[in-house]
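Student: target29.txt is reproduced below (compact mmCIF, C-alpha atoms).
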# COMPACT_ATOMS: atom_id res chain seq x y z
CA MET A 1 -6.88 1.02 -21.83
CA THR A 2 -4.61 0.77 -18.82
CA TYR A 3 -3.34 -2.48 -17.31
CA HIS A 4 -5.49 -1.93 -14.22
CA THR A 5 -8.63 -1.26 -16.30
CA THR A 6 -7.97 -4.39 -18.34
CA ARG A 7 -7.40 -6.41 -15.17
CA ARG A 8 -10.62 -5.15 -13.59
CA ARG A 9 -12.60 -6.04 -16.71
CA LEU A 10 -11.02 -9.48 -16.92
CA PHE A 11 -11.84 -10.03 -13.25
CA ALA A 12 -15.41 -8.86 -13.75
CA PHE A 13 -15.75 -11.14 -16.80
CA ALA A 14 -14.37 -14.13 -14.92
CA SER A 15 -16.63 -13.46 -11.95
CA SER A 16 -19.64 -13.06 -14.23
CA ALA A 17 -18.85 -16.26 -16.10
CA ALA A 18 -18.46 -18.19 -12.87
CA LEU A 19 -21.70 -16.80 -11.51
CA LEU A 20 -23.56 -17.55 -14.75
CA GLY A 21 -22.27 -21.12 -14.65
CA ALA A 22 -23.48 -21.50 -11.08
CA LEU A 23 -26.89 -20.12 -11.97
CA MET A 24 -27.20 -22.40 -14.98
CA THR A 25 -26.27 -25.36 -12.81
CA ALA A 26 -28.81 -24.27 -10.22
CA GLY A 27 -31.41 -23.94 -12.99
CA ALA A 28 -30.69 -27.46 -14.17
CA HIS A 29 -31.06 -28.79 -10.64
CA SER A 30 -34.28 -26.86 -10.26
CA GLN A 31 -35.67 -28.33 -13.47
CA ALA A 32 -34.71 -31.86 -12.41
CA ALA A 33 -36.33 -31.31 -9.04
CA THR A 34 -39.53 -30.09 -10.73
CA LEU A 35 -39.69 -33.16 -12.94
CA GLU A 36 -39.07 -35.39 -9.92
CA ARG A 37 -41.86 -33.69 -8.01
CA GLY A 38 -44.13 -34.27 -11.01
CA HIS A 39 -43.22 -37.97 -10.96
CA THR A 40 -44.22 -38.24 -7.28
CA GLY A 41 -47.41 -36.34 -7.77
CA THR A 42 -46.42 -33.16 -5.84
CA ALA A 43 -46.29 -31.11 -9.02
CA GLN A 44 -48.53 -31.20 -12.06
CA HIS A 45 -47.30 -32.64 -15.33
CA GLY A 46 -46.38 -29.81 -17.64
CA ALA A 47 -45.42 -27.40 -14.83
CA ILE A 48 -44.06 -24.08 -16.09
CA GLN A 49 -40.26 -24.08 -16.53
CA PRO A 50 -38.05 -20.99 -16.17
CA ALA A 51 -37.82 -19.15 -19.47
CA PRO A 52 -34.38 -18.19 -20.80
CA GLY A 53 -35.24 -14.54 -20.25
CA ASN A 54 -36.04 -15.20 -16.61
CA MET A 55 -32.71 -16.98 -16.14
CA THR A 56 -30.93 -13.95 -17.61
CA GLN A 57 -32.79 -11.71 -15.19
CA HIS A 58 -31.83 -13.98 -12.29
CA PHE A 59 -28.21 -13.78 -13.40
CA TRP A 60 -28.14 -9.98 -13.39
CA ASP A 61 -30.03 -9.80 -10.10
CA ALA A 62 -27.48 -12.11 -8.48
CA LEU A 63 -24.60 -10.22 -10.04
CA ALA A 64 -25.91 -6.95 -8.61
CA LEU A 65 -25.76 -8.48 -5.13
CA GLU A 66 -22.12 -9.51 -5.54
CA THR A 67 -19.91 -6.85 -3.91
CA ARG A 68 -16.15 -6.73 -4.18
CA ASP A 69 -14.09 -4.02 -2.52
CA ALA A 70 -10.63 -3.77 -0.97
CA TRP A 71 -11.89 -4.95 2.42
CA SER A 72 -13.61 -8.07 1.09
CA ARG A 73 -10.52 -8.97 -0.90
CA LEU A 74 -8.37 -8.47 2.18
CA ARG A 75 -10.69 -10.68 4.25
CA ASP A 76 -10.48 -13.40 1.62
CA SER A 77 -6.71 -13.50 2.10
CA PHE A 78 -6.77 -13.71 5.92
CA GLN A 79 -5.20 -16.93 7.24
CA TRP A 80 -5.17 -16.41 11.02
CA GLN A 81 -8.82 -15.82 11.89
CA ASN A 82 -9.28 -19.23 13.49
CA ASP A 83 -6.51 -18.58 15.99
CA LEU A 84 -7.82 -15.76 18.16
CA HIS A 85 -8.08 -17.60 21.48
CA ASP A 86 -4.91 -16.22 23.04
CA PRO A 87 -5.66 -13.79 25.90
CA ARG A 88 -3.23 -11.27 24.43
CA VAL A 89 -5.25 -11.14 21.22
CA GLN A 90 -8.51 -10.75 23.13
CA ALA A 91 -7.00 -7.98 25.24
CA TRP A 92 -6.10 -6.01 22.11
CA ILE A 93 -9.50 -6.63 20.56
CA ASP A 94 -11.02 -5.10 23.70
CA HIS A 95 -8.57 -2.21 23.49
CA TYR A 96 -9.33 -1.40 19.87
CA ARG A 97 -13.08 -1.77 20.15
CA GLN A 98 -13.14 0.97 22.80
CA SER A 99 -12.10 3.52 20.16
CA PRO A 100 -13.88 2.66 16.90
CA HIS A 101 -13.39 6.24 15.67
CA ASN A 102 -9.61 5.73 15.78
CA ILE A 103 -9.91 2.63 13.61
CA ALA A 104 -12.07 4.54 11.15
CA GLU A 105 -9.55 7.38 11.00
CA ILE A 106 -6.57 5.11 10.45
CA THR A 107 -8.30 2.97 7.84
CA GLU A 108 -9.28 6.14 5.99
CA ARG A 109 -5.56 6.95 5.71
CA ALA A 110 -5.10 3.50 4.16
CA ARG A 111 -7.30 4.48 1.20
CA PRO A 112 -4.55 5.14 -1.39
CA TRP A 113 -2.48 2.12 -0.38
CA LEU A 114 -4.68 -0.74 0.85
CA ALA A 115 -5.71 -2.38 -2.43
CA TRP A 116 -2.17 -2.29 -3.85
CA ILE A 117 -0.53 -3.60 -0.67
CA THR A 118 -3.13 -6.36 -0.37
CA GLN A 119 -2.41 -7.34 -3.97
CA LYS A 120 1.33 -7.59 -3.28
CA VAL A 121 0.79 -9.65 -0.11
CA GLU A 122 -1.63 -11.91 -1.96
CA GLU A 123 0.81 -12.48 -4.84
CA ARG A 124 3.34 -13.91 -2.39
CA GLY A 125 0.87 -16.20 -0.67
CA LEU A 126 1.44 -14.46 2.66
CA PRO A 127 -1.33 -14.14 5.26
CA GLY A 128 -3.52 -11.18 4.36
CA GLU A 129 -3.04 -9.89 7.89
CA ILE A 130 0.45 -8.76 6.79
CA ALA A 131 -1.20 -5.96 4.80
CA LEU A 132 -2.27 -4.45 8.13
CA ILE A 133 1.23 -4.12 9.58
CA PRO A 134 1.22 -0.41 8.63
CA PHE A 135 -1.81 -0.04 10.89
CA ILE A 136 0.20 -0.95 13.98
CA GLU A 137 3.53 0.44 12.77
CA SER A 138 2.61 3.89 11.48
CA SER A 139 -1.18 4.24 11.59
CA PHE A 140 -0.93 4.14 7.79
CA ASP A 141 0.98 7.45 7.74
CA PRO A 142 3.78 7.24 5.12
CA GLY A 143 5.52 10.22 6.69
CA ALA A 144 5.54 8.82 10.23
CA ARG A 145 8.83 9.02 12.14
CA SER A 146 9.56 7.50 15.54
CA HIS A 147 11.75 8.97 18.26
CA ARG A 148 14.15 6.07 17.66
CA GLY A 149 14.70 7.01 14.01
CA ALA A 150 12.33 4.62 12.23
CA ALA A 151 10.44 6.14 9.31
CA GLY A 152 7.72 5.44 6.80
CA LEU A 153 4.66 3.27 6.47
CA TRP A 154 6.65 0.19 7.53
CA GLN A 155 8.88 2.01 10.05
CA PHE A 156 12.35 1.03 8.88
CA MET A 157 15.38 2.07 10.90
CA PRO A 158 18.11 3.75 8.81
CA ARG A 159 20.56 0.82 8.83
CA THR A 160 17.86 -1.75 8.09
CA GLY A 161 16.57 0.40 5.25
CA ASP A 162 20.08 0.76 3.86
CA SER A 163 20.61 -3.01 3.93
CA LEU A 164 17.37 -3.49 1.98
CA GLY A 165 18.28 -0.94 -0.69
CA LEU A 166 16.11 1.91 0.59
CA SER A 167 18.51 4.69 -0.27
CA ARG A 168 18.60 7.98 1.60
CA GLN A 169 19.89 10.85 -0.49
CA HIS A 170 19.41 14.59 -0.63
CA GLY A 171 15.77 15.09 -1.51
CA TYR A 172 14.76 11.43 -1.28
CA ASP A 173 14.19 8.83 1.46
CA GLY A 174 13.36 5.34 0.25
CA ARG A 175 11.87 4.43 3.63
CA LEU A 176 9.10 6.96 2.95
CA ASP A 177 8.55 5.72 -0.60
CA VAL A 178 5.47 3.49 -0.22
CA VAL A 179 6.16 1.30 -3.26
CA ALA A 180 9.86 0.77 -2.51
CA SER A 181 9.36 0.25 1.23
CA THR A 182 6.48 -2.20 0.73
CA TYR A 183 8.59 -4.40 -1.51
CA ALA A 184 11.43 -4.17 1.02
CA ALA A 185 9.17 -5.05 3.96
CA LEU A 186 7.69 -8.11 2.28
CA ASP A 187 11.14 -9.24 1.15
CA TYR A 188 12.45 -8.81 4.69
CA ILE A 189 9.61 -10.80 6.26
CA GLU A 190 10.01 -13.65 3.78
CA GLN A 191 13.81 -13.69 3.98
CA GLN A 192 13.86 -13.92 7.77
CA ALA A 193 11.16 -16.57 7.81
CA ASP A 194 13.15 -18.71 5.39
CA GLN A 195 16.57 -18.05 6.92
CA TRP A 196 15.78 -18.55 10.59
CA TYR A 197 12.31 -19.96 11.18
CA GLU A 198 11.51 -22.66 8.61
CA GLY A 199 8.95 -20.35 7.01
CA ASP A 200 7.21 -19.41 10.28
CA ILE A 201 5.80 -15.94 9.56
CA GLU A 202 4.83 -15.21 13.17
CA LEU A 203 8.43 -15.62 14.30
CA SER A 204 9.57 -13.52 11.36
CA LEU A 205 7.20 -10.74 12.47
CA ALA A 206 8.69 -10.90 15.95
CA ALA A 207 12.13 -10.50 14.38
CA TYR A 208 10.80 -7.64 12.25
CA ASN A 209 9.96 -5.86 15.49
CA ALA A 210 12.78 -6.85 17.83
CA GLY A 211 15.53 -8.15 15.55
CA ALA A 212 16.44 -11.73 14.69
CA GLY A 213 19.14 -11.85 17.38
CA THR A 214 16.64 -11.14 20.16
CA VAL A 215 14.11 -13.66 18.86
CA ASN A 216 16.69 -16.38 18.24
CA LYS A 217 18.06 -16.01 21.76
CA ALA A 218 14.57 -16.24 23.27
CA ARG A 219 13.83 -19.25 21.12
CA ARG A 220 16.94 -21.13 22.25
CA ARG A 221 16.08 -20.35 25.86
CA ALA A 222 12.51 -21.60 25.46
CA ILE A 223 13.58 -24.83 23.80
CA ALA A 224 16.17 -25.44 26.55
CA GLN A 225 13.34 -25.11 29.08
CA GLY A 226 11.32 -27.76 27.27
CA LYS A 227 8.90 -25.28 25.69
CA GLY A 228 7.97 -25.05 22.05
CA GLY A 229 9.91 -22.77 19.77
CA ASP A 230 6.88 -21.00 18.34
CA TYR A 231 6.09 -17.32 18.86
CA TRP A 232 3.52 -17.92 21.61
CA SER A 233 5.97 -19.84 23.81
CA LEU A 234 8.70 -17.18 23.82
CA SER A 235 9.56 -14.58 26.43
CA LEU A 236 10.28 -11.43 24.44
CA PRO A 237 10.35 -7.66 25.06
CA ARG A 238 6.88 -6.36 25.90
CA GLU A 239 6.38 -4.58 22.59
CA THR A 240 7.29 -7.74 20.68
CA MET A 241 5.06 -9.91 22.90
CA ASN A 242 2.18 -7.69 21.79
CA TYR A 243 3.17 -7.30 18.15
CA VAL A 244 1.45 -10.33 16.62
CA PRO A 245 -1.54 -10.13 19.01
CA LYS A 246 -2.15 -6.52 17.96
CA LEU A 247 -2.00 -7.50 14.30
CA LYS A 248 -4.43 -10.37 14.79
CA ALA A 249 -6.74 -8.21 16.87
CA ILE A 250 -7.12 -5.45 14.30
CA ALA A 251 -7.55 -8.07 11.58
CA ALA A 252 -10.33 -9.72 13.61
CA ILE A 253 -12.16 -6.40 13.84
CA ILE A 254 -11.77 -5.69 10.13
CA ASN A 255 -12.94 -9.24 9.40
CA ALA A 256 -16.26 -8.52 11.17
CA PRO A 257 -16.58 -4.72 11.58
CA ASP A 258 -20.31 -4.80 12.28
CA ASP A 259 -19.70 -6.97 15.33
CA TYR A 260 -17.50 -4.23 16.77
CA GLN A 261 -19.53 -1.21 15.62
CA VAL A 262 -16.72 -0.06 13.33
CA ALA A 263 -17.49 1.76 10.08
CA LEU A 264 -14.83 1.14 7.44
CA PRO A 265 -14.44 3.58 4.54
CA GLU A 266 -15.42 2.41 1.09
CA ILE A 267 -12.24 1.55 -0.81
CA GLU A 268 -12.22 0.11 -4.33
CA ASP A 269 -10.61 -3.24 -5.05
CA ALA A 270 -8.05 -1.73 -7.41
CA PRO A 271 -4.88 0.30 -6.86
CA ALA A 272 -5.63 4.01 -6.56
CA PHE A 273 -2.42 5.04 -8.28
CA ALA A 274 -0.37 4.37 -11.38
CA LYS A 275 3.41 4.22 -11.56
CA ILE A 276 5.11 6.56 -14.01
CA PRO A 277 8.80 5.89 -14.75
CA VAL A 278 11.13 8.79 -14.00
CA GLU A 279 13.26 9.49 -17.07
CA ARG A 280 14.38 13.03 -16.23
CA PRO A 281 14.47 15.31 -13.20
CA MET A 282 11.01 16.66 -12.43
CA ARG A 283 9.65 19.06 -9.83
CA LEU A 284 6.48 17.99 -8.07
CA ASP A 285 4.67 21.14 -9.17
CA GLU A 286 5.45 20.19 -12.78
CA VAL A 287 4.17 16.66 -12.15
CA ALA A 288 0.97 18.11 -10.68
CA ARG A 289 0.50 20.34 -13.73
CA LEU A 290 1.05 17.46 -16.16
CA ALA A 291 -1.30 15.18 -14.21
CA GLY A 292 -3.94 17.87 -13.79
CA VAL A 293 -4.15 17.53 -10.00
CA SER A 294 -2.99 19.56 -7.02
CA GLN A 295 0.61 19.53 -5.85
CA VAL A 296 -0.67 18.36 -2.45
CA THR A 297 -2.12 15.24 -4.09
CA ILE A 298 1.17 14.46 -5.82
CA ALA A 299 3.16 15.08 -2.64
CA GLU A 300 0.90 12.76 -0.64
CA LEU A 301 1.36 9.97 -3.19
CA ASN A 302 5.13 10.49 -3.28
CA PRO A 303 6.22 10.99 0.36
CA GLY A 304 9.69 9.67 -0.44
CA VAL A 305 10.37 12.84 -2.42
CA THR A 306 11.47 15.15 0.37
CA GLY A 307 13.08 17.95 -1.64
CA GLY A 308 10.26 18.90 -3.99
CA ALA A 309 11.81 17.19 -7.04
CA ILE A 310 12.62 13.67 -8.14
CA ARG A 311 15.52 12.39 -10.23
CA PRO A 312 16.00 9.22 -12.25
CA GLY A 313 17.87 6.35 -10.67
CA ASN A 314 17.28 3.21 -8.60
CA ASP A 315 14.19 2.36 -10.64
CA ARG A 316 12.34 5.28 -9.16
CA VAL A 317 8.77 5.88 -10.19
CA LEU A 318 6.29 8.66 -9.66
CA LEU A 319 2.84 7.83 -8.39
CA VAL A 320 -0.13 9.66 -9.85
CA PRO A 321 -3.87 9.04 -9.42
CA ILE A 322 -4.82 6.11 -11.64
CA GLU A 323 -7.44 8.12 -13.50
CA ARG A 324 -4.86 10.78 -14.50
CA ALA A 325 -2.09 8.45 -15.68
CA ASP A 326 -2.99 8.30 -19.38
CA GLU A 327 -3.31 12.06 -19.63
CA MET A 328 0.03 12.61 -17.92
CA LEU A 329 1.81 10.10 -20.16
CA ALA A 330 0.36 11.83 -23.20
CA ARG A 331 1.58 15.19 -21.97
CA LEU A 332 5.03 13.79 -21.22
CA ASP A 333 5.21 12.55 -24.81
CA ALA A 334 4.09 15.92 -26.22
CA PRO A 335 6.71 18.38 -27.58
CA THR A 336 8.26 20.52 -24.87
CA ILE A 337 6.85 24.03 -24.66
CA PRO A 338 9.62 26.61 -24.31
CA HIS A 339 9.73 28.33 -20.93
CA THR A 340 9.34 32.08 -20.67
CA ALA A 341 12.09 34.22 -19.26
CA GLN A 342 10.12 34.53 -16.03
CA ASP A 343 9.79 30.73 -15.76
CA SER A 344 13.55 30.30 -16.16
CA ARG A 345 14.49 32.54 -13.24
CA TYR A 346 14.38 32.11 -9.48
CA VAL A 347 14.65 34.89 -6.93
CA VAL A 348 16.63 33.84 -3.85
CA ARG A 349 14.75 34.03 -0.55
CA HIS A 350 16.02 34.17 3.02
CA GLY A 351 17.31 30.76 4.11
CA ASP A 352 17.80 29.44 0.57
CA THR A 353 20.92 27.46 -0.32
CA LEU A 354 22.08 26.39 -3.75
CA ALA A 355 21.43 22.77 -2.83
CA ASP A 356 17.85 23.52 -1.75
CA ILE A 357 17.09 25.52 -4.89
CA ALA A 358 18.62 22.89 -7.16
CA ALA A 359 16.60 20.09 -5.51
CA ARG A 360 13.35 22.04 -5.80
CA GLN A 361 13.99 22.83 -9.45
CA GLY A 362 15.10 19.31 -10.37
CA ILE A 363 18.61 20.30 -11.42
CA SER A 364 22.08 19.76 -10.03
CA VAL A 365 24.08 22.30 -8.03
CA ALA A 366 26.77 22.16 -10.73
CA GLU A 367 24.24 23.08 -13.41
CA LEU A 368 22.94 25.93 -11.29
CA ARG A 369 26.46 27.25 -10.71
CA GLN A 370 27.34 26.99 -14.39
CA ALA A 371 24.20 28.82 -15.52
CA ASN A 372 24.93 31.69 -13.15
CA GLY A 373 28.72 31.83 -13.15
CA ILE A 374 28.92 31.00 -9.45
CA ALA A 375 32.15 29.48 -8.17
CA GLY A 376 31.18 28.75 -4.58
CA ASN A 377 27.95 28.52 -2.60
CA LEU A 378 27.39 32.16 -1.66
CA ILE A 379 24.04 33.62 -2.74
CA GLN A 380 22.09 36.63 -1.47
CA PRO A 381 18.36 37.18 -0.82
CA GLY A 382 16.85 38.99 -3.80
CA GLN A 383 19.43 37.61 -6.22
CA ALA A 384 17.92 36.36 -9.50
CA LEU A 385 19.24 32.99 -10.63
CA GLU A 386 18.94 31.61 -14.15
CA LEU A 387 17.43 28.10 -14.19
CA PRO A 388 18.56 25.76 -17.00
CA THR A 389 15.12 24.18 -17.24
CA ARG A 390 14.99 23.82 -21.01
CA SER A 391 18.13 21.70 -21.16
CA LEU A 392 16.70 19.36 -18.54
CA ALA A 393 13.31 19.10 -20.18
CA SER A 394 14.87 18.03 -23.47
CA ARG A 395 16.83 15.12 -21.95
Mind converting the file's structure to structure tokens?

Tutor:
Amino acid sequence: MTYHTTRRRLFAFASSAALLGALMTAGAHSQAATLERGHTGTAQHGAIQPAPGNMTQHFWDALALETRDAWSRLRDSFQWQNDLHDPRVQAWIDHYRQSPHNIAEITERARPWLAWITQKVEERGLPGEIALIPFIESSFDPGARSHRGAAGLWQFMPRTGDSLGLSRQHGYDGRLDVVASTYAALDYIEQQADQWYEGDIELSLAAYNAGAGTVNKARRRAIAQGKGGDYWSLSLPRETMNYVPKLKAIAAIINAPDDYQVALPEIEDAPAFAKIPVERPMRLDEVARLAGVSQVTIAELNPGVTGGAIRPGNDRVLLVPIERADEMLARLDAPTIPHTAQDSRYVVRHGDTLADIAARQGISVAELRQANGIAGNLIQPGQALELPTRSLASR
């Protein structure tokens, strides 16, 4: 049984126990009320009491009505839904409600990530609205890139990503890695809130968008003018002035989608993926074969892998669909099947370089050179290269 399966069962058990306790309490109150009515003459002495079997049936009927999905869990963690009076928030609510199909499309892209991100936000005690930052940053597209150079679900600029440990190497970009970038984003928001703003998350979000220097300068100016130092009293760049209002607006719509004629996709209240530690270089097509899914599925779950293969290092993990994790782990533990001669060769195509081939095959350029007796980088289309795959697989 996986951790996530165990957790879901424990949650279901706890919820069931709580509900059963509530129903038993309600039954006790009902019985007391019946006896009291009998004492006043509004019920006959000896009135029929609920049988234990009926109480059990009531319990299961009530349990069947209890729904719990990623959206309801997210709503439970919202903290800013009583603060929607600002005209900027209302303006963005009006903007979003004009295109409900866009909201449906973006929230559909959130399917693999929403439950896990919500869980991480919840664990830190942050407002649940933070889980929707990817909605306004990247439309929940892990591969999104801006014209200014920001990338990923959380849209980190290169230097900011570097400072947060999101490495950029040949074949890998940590800003596109959903797990790594989510941890970095939440760390960044908390660190800035604690360092500059006495824990004020709204000001930290403004700094996330415009930079702490810009926000701190605007804050000093506002205070000098006798205004408050909170987000809503500051004069900031237009995009930053709209940043928190946009977040609150989309959260308000998700909090009450029926009120805005928005249909949200059904998303389970459990992470859709499992994390597999990377202990040796692996090509994504090999991962797909071991997991029993398409290479497209693996690539979509691992957008940080930009060269077709992933290497160990920096606590990297592979994401696979949660339902395929056990099978993949079992196959990884199985004895390595020797490759055929055809599997251990690669025919060079137009535009190939040694670095590209090595990255796709999950080996180093040095290993590729050594296996083929190549001193430099010159290769020719049609040339057959030996791939040292067996030595890598046995590591």

Student: Of the residues A:Pro87, A:Arg283, A:Ser138, A:Ser72, which is the one nearest to Gly307 of chain A, using all atoms listed in the file?

Tutor: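 That would be A:Arg283, the residue with the smallest distance to Gly307 of chain A.
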
Student: So that I can check the surroundings of Gln98 of chain A, please list as a list of chain:residue names every protein, DNA and RNA residue that reaches within 10 Å of it, counting all atoms listed in the file and ignoring chain neighbours fewer than 6 positions away.

Tutor: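 Residues near the query, excluding close chain neighbours: A:Trp92, A:Tyr260, A:Gln261.
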
Student: So which residues fall inside 10 Å of (19.1, 22.6, -5.4) if we count all atoms listed in the file? Mind giving them as number ranges by chain?

Tutor: A: 170-171, 307-309, 352-368

Student: Please report as a tab-separated table every residue of segment 73-138 of chain A lying within 12 Å of segment 232-240 of chain A, along with the nearest atom pair and their distance in Å (one decimal), using all atoms listed in the file.

Tutor:
residue	atom	partner	partner_atom	distance
A:Asp83	CA	A:Trp232	CA	11.5
A:His85	CA	A:Trp232	CA	11.6
A:Asp86	CA	A:Trp232	CA	8.7
A:Pro87	CA	A:Trp232	CA	10.9
A:Arg88	CA	A:Trp232	CA	9.9
A:Val89	CA	A:Trp232	CA	11.1
A:Ile136	CA	A:Glu239	CA	11.2
A:Glu137	CA	A:Glu239	CA	11.4

Student: If you measure from atom CA of Ile106 of chain A to atom CA of Asp258 of chain A, what distance in Å do you get, rounded to one decimal?

Tutor: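 If I compute the distance from atom CA of Ile106 of chain A to atom CA of Asp258 of chain A, I get 17.0 Å.
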
Student: Please report the interatomic distance between atom CA of Leu329 of chain A and atom CA of Arg311 of chain A in Å with one decimal.

Tutor: 17.1 Å

Student: Select, from A:Leu153, A:Ile254, A:Val178, A:Ala212, the residue with the minimum atom-to-atom distance to Trp196 of chain A, counting only C-alpha atoms.

Tutor: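 Counting only C-alpha atoms, the residue closest to Trp196 of chain A is A:Ala212.
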
Student: Identify which of the residues A:Asp69, A:Leu319, A:Glu129, A:Ala104 lies closest to Ala251 of chain A, counting only C-alpha atoms when measuring atom-to-atom distances.

Tutor: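 For Ala251 of chain A, the nearest of the given residues is A:Glu129.
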
Student: Which value, in Å to one decimal, gives the distance between atom CA of Pro245 of chain A and atom CA of Glu108 of chain A?

Tutor: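 Going from atom CA of Pro245 of chain A over to atom CA of Glu108 of chain A covers 22.2 Å.
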
Student: For Ile276 of chain A, which residue among A:Met328, A:Leu264, A:Ile189, A:Ala144 is the nearest when counting only C-alpha atoms?

Tutor: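 Closest to Ile276 of chain A, using only C-alpha atoms: A:Met328.
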
Student: Tell me which of A:Gln225, A:Pro112, A:Asp177, A:Ala274 sits closest to Ile310 of chain A, counting all atoms listed in the file.

Tutor: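 Of A:Gln225, A:Pro112, A:Asp177, A:Ala274, the one nearest Ile310 of chain A is A:Asp177, counting all atoms listed in the file.
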
Student: What's the 12 Å shell around segment 159-167 of chain A, counting only C-alpha atoms, without same-chain residues fewer than 2 positions away, as a PyMOL selection string?

Tutor: chain A and resi 149-152+154-157+169-189+191+208-209+211+304-305+313-316
